[in-house]
Structure formats: structure tokens, C-alpha cells
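Please read the structure below before turning to the comments.
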Amino acid sequence: MRRVLLGLVAAVTAVTTAAAACAAATPPDELGSAPAVRPVVLAEEPHDPAAFTQGLERSPDDPGTLYEGTGLAGRSELRELDAATGAVRRAVPLPGSLFGEGITVVGPSIWQLTWQDGVALEWDRATFTLRRQVPLAGEGWGLCAEPSPGPGRLVRSDGTDRLRFHDPVTFAETGSVAVMLDGAPVPGLNELECVDGAVWANVWRTDRIVRIDPATGAVTAVVDASGLLDPARRADTDVLNGIAHLSGAEYLLTGKLWPAAFRVRVPG
């Protein structure tokens, strides 16, 4: 990725190298002919500019609480945030040098992916204590949980053009689907949010978010989220990466090392 702080150069460079081919496969302006909608900014909210955001989700039973997973080896955390102020209420580091990725809430648990460490973590949501680590084949990028009633699956991205489905209790992989737009694959799928039967996904190294039908893999909408941060503030940040559904058509969007999050309405 890009130069952030001297102490992060090695880790960020490693991420860039690992995913360079994926980024090159889908330039920002070649995501298909589907019309892109622009999110309407309703408010700007505080966000920790030191947070290398990998996953963001609103508490299902407390609208004043957000959960955030952050990354980088040896610096990764699971956090609980005050939704109004962005303040970190509590945080717990990942074991050892695990590189944290996407998160999702499943009842009393929070599942958190790791990037290339081959494990997924299950945390107790009430106490922020680690319940277990389970094997994970392949890379972990984004994660969301489909609501019940319905399939009730976990949905994982791995930086490719596929969504992978997992059992919410065992984390066993149960299937996958290729994501297509205008008949072409959409690689670089990153942070995920499951909403009303659809999966929203950041497309890595772009300012776009795609809405996906998980039954077919078809992209049904494209959101152009460019320009949320003005150029002066965007210069010292990393990619757009953080989608939390609030209610109806409202979402909270942020990115890695962003000094702000944006409450937006997505038209249509």
C-alpha cells in the first residue's frame, strides 16, 4: 500500500506486493457499464486516523455502538467504538503478530478474519475475550453475516472475485459464488456488509462499492464514493474500507487511516 509512518513501511509494502496483480486486473474506471450512484453525505463523524480499518459494523442491539477490526501485523485490534464520537471504549490486541481483517457480529460472538495467518477468531462480544481460533483456508479480507430467517451464512471475501460462504457456528466453508459485472469478474472484493439479502463490498484500490446478489454473484448496483475526503486530508490516508449499515438506505463509510467517517444515504 502506501507510506504511512516509518514504523509501518514494511507491513504496508507487503500488502501492496501481495495484491498488486489483483489491483492491476480491475482499474477504477473499468468496473463495467452499470450506472454508478453517488452517496449523499448527511454528516461527518469522527474516526481514529491511526486505525487501519479492516472491518466496521454497527451493534445489532445498540445503535450507539460500533465494532471495528484493525490490521497490520503486531498492531491489529478488535475495538468497540462510541458511534457518536468515534472514541475507543475498549480494545483488545490480536494474539501474537496476527494480521487482523474483516469482522462481523453473530449473536453473542464477533468473528474476525486474519489475512494470511490461516485462522479465524471468535470473540465473546460481552467480554472481548477470545473463545477460539479455527482454521481458515486461503486469505481473509471482508466478512459479514446474513440475517436470519434466511441462509444465515457468513460471507467472506478473499481479495479475488469470489464470495465464500461459511457456517456461522463451525466456520466450515459451505460454498462460493463468482461475482460478475457485465459478464466480467470483479476481483479485489474487500470489506463486506450484508444488508437485506444483498452483500455490499468495497472494491480494493478503488473508491467504489458494489452491491451483489449472493445467490447469483451478479452486481446489481455500483456506488461511486470518491471525493468523501477532500484532497488535502486524503493525501495521508489509505483506501476506502469500512461499511456499516445504519438503517434503511443510510450507511457509515470510512477508510484505512481516515480522520473521519461519513454518514451517507445511498439513493435507490
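Naming works like this for the C-alpha cells: A, B, ... for the chains as they're shown, residue 1 at the start of each chain, ligands 1 onward in shown order.
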Just the residues within 8 Å of Gln112 of chain A, please, counting only C-alpha atoms, with nothing from its chain fewer than 6 positions along; format it as a tab-separated table (two decimals) with C-alpha atoms, in the first residue's frame.
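Output file selection-v3.tsv is given in full below:
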```tsv
chain	number	residue	atom	x	y	z
A	69	GLY	CA	-11.37	-4.55	13.35
A	100	GLY	CA	-6.47	-8.76	11.50
A	101	GLU	CA	-9.02	-8.35	8.75
A	102	GLY	CA	-12.85	-8.18	8.50
A	103	ILE	CA	-15.28	-8.68	11.38
A	104	THR	CA	-18.95	-9.49	11.87
A	120	ALA	CA	-10.38	-17.02	12.08
A	121	LEU	CA	-11.02	-15.77	15.61
A	122	GLU	CA	-14.22	-15.99	17.62
A	123	TRP	CA	-14.51	-13.35	20.36
A	143	LEU	CA	-16.72	-10.68	6.45
```
Tell me which protein, DNA and RNA residues are within 7 Å of segment 84-91 of chain A, counting only C-alpha atoms, leaving out same-chain ones fewer than 4 positions away, and put them as a list in words.
-> Pro46, His47, Asp48, Gly64, Glu77, Leu78, Arg79 and Glu80 of chain A
List every residue of segment 111-256 of chain A that DSSP, applied to the backbone of this structure, places in helix (DSSP H, G or I), and write the result as a ChimeraX atom specification.
-> /A:231-234
Store the residues picked out above in a file with N, CA and C atoms, as an mmCIF file, in the first residue's frame.
```cif
data_model
loop_
_atom_site.group_PDB
_atom_site.id
_atom_site.type_symbol
_atom_site.label_atom_id
_atom_site.label_comp_id
_atom_site.auth_asym_id
_atom_site.auth_seq_id
_atom_site.Cartn_x
_atom_site.Cartn_y
_atom_site.Cartn_z
ATOM 1 N N PRO A 231 -9.022 16.458 -0.987
ATOM 2 C CA PRO A 231 -7.663 16.026 -1.364
ATOM 3 C C PRO A 231 -6.617 16.259 -0.278
ATOM 4 N N ALA A 232 -6.724 17.353 0.448
ATOM 5 C CA ALA A 232 -5.715 17.646 1.467
ATOM 6 C C ALA A 232 -5.713 16.580 2.559
ATOM 7 N N ARG A 233 -6.889 16.141 2.989
ATOM 8 C CA ARG A 233 -6.953 15.120 4.036
ATOM 9 C C ARG A 233 -6.737 13.725 3.473
ATOM 10 N N ARG A 234 -7.062 13.500 2.236
ATOM 11 C CA ARG A 234 -6.907 12.172 1.643
ATOM 12 C C ARG A 234 -5.441 11.836 1.405
#
```
Shell of 9 Å around segment 35-45 of chain A, only C-alpha atoms, local chain residues under 3 positions omitted, as a PyMOL selection string = chain A and resi 32+83-86+208+221-226+228+250+252+259-268
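Distances from A:Ala201, A:Leu72, A:Ala215, A:Cys194 to Thr53 of chain A were compared using only C-alpha atoms, and the smallest one belongs to A:Leu72.
Counting only C-alpha atoms, Ala178 of chain A has the following residues at most 8 Å away, ignoring those fewer than 5 positions along the same chain: A:Asp161, A:Arg162, A:Leu163, A:Pro185, A:Thr216, A:Gly217.
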How would you write, as JSON, numbers by chain, the set of residues in segment 7-223 of chain A that DSSP gives as strand (DSSP E)?
-> {"A": [36, 37, 40, 41, 42, 43, 44, 45, 46, 53, 54, 55, 56, 57, 58, 59, 62, 63, 64, 65, 66, 67, 68, 69, 70, 77, 78, 79, 80, 81, 82, 88, 89, 90, 91, 92, 93, 100, 101, 102, 103, 104, 105, 106, 109, 110, 111, 112, 113, 114, 119, 120, 121, 122, 123, 124, 130, 131, 132, 133, 134, 135, 143, 144, 145, 154, 155, 156, 157, 162, 163, 164, 165, 166, 173, 174, 175, 176, 177, 178, 180, 181, 184, 185, 189, 190, 191, 192, 193, 194, 195, 198, 199, 200, 201, 202, 203, 208, 209, 210, 211, 212, 219, 220, 221, 222, 223]}
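Neighbours of Gly197 of chain A closer than or equal to 8 Å, with only C-alpha atoms counted and sequence neighbours fewer than 5 positions away skipped, come out as A:Glu146, A:Pro147, A:Asp213, A:Pro214.
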Contacts of Asp167 of chain A at 10 Å or less, counting only C-alpha atoms, minus same-chain residues fewer than 2 places along, as a count of residues only?
-> 14
Please identify all polymer residues within 10 Å of Leu56 of chain A, counting only C-alpha atoms, omitting same-chain residues fewer than 2 positions from it, and present them as a PyMOL selection string.
-> chain A and resi 53-54+58-59+66-70+79-81+102-104+142-144+191-193+241-245+252-255
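With only C-alpha atoms as the atoms that count, the residue of A:Gln116, A:Asp207, A:Trp111, A:Trp141 with the shortest distance to Leu229 of chain A is A:Asp207.
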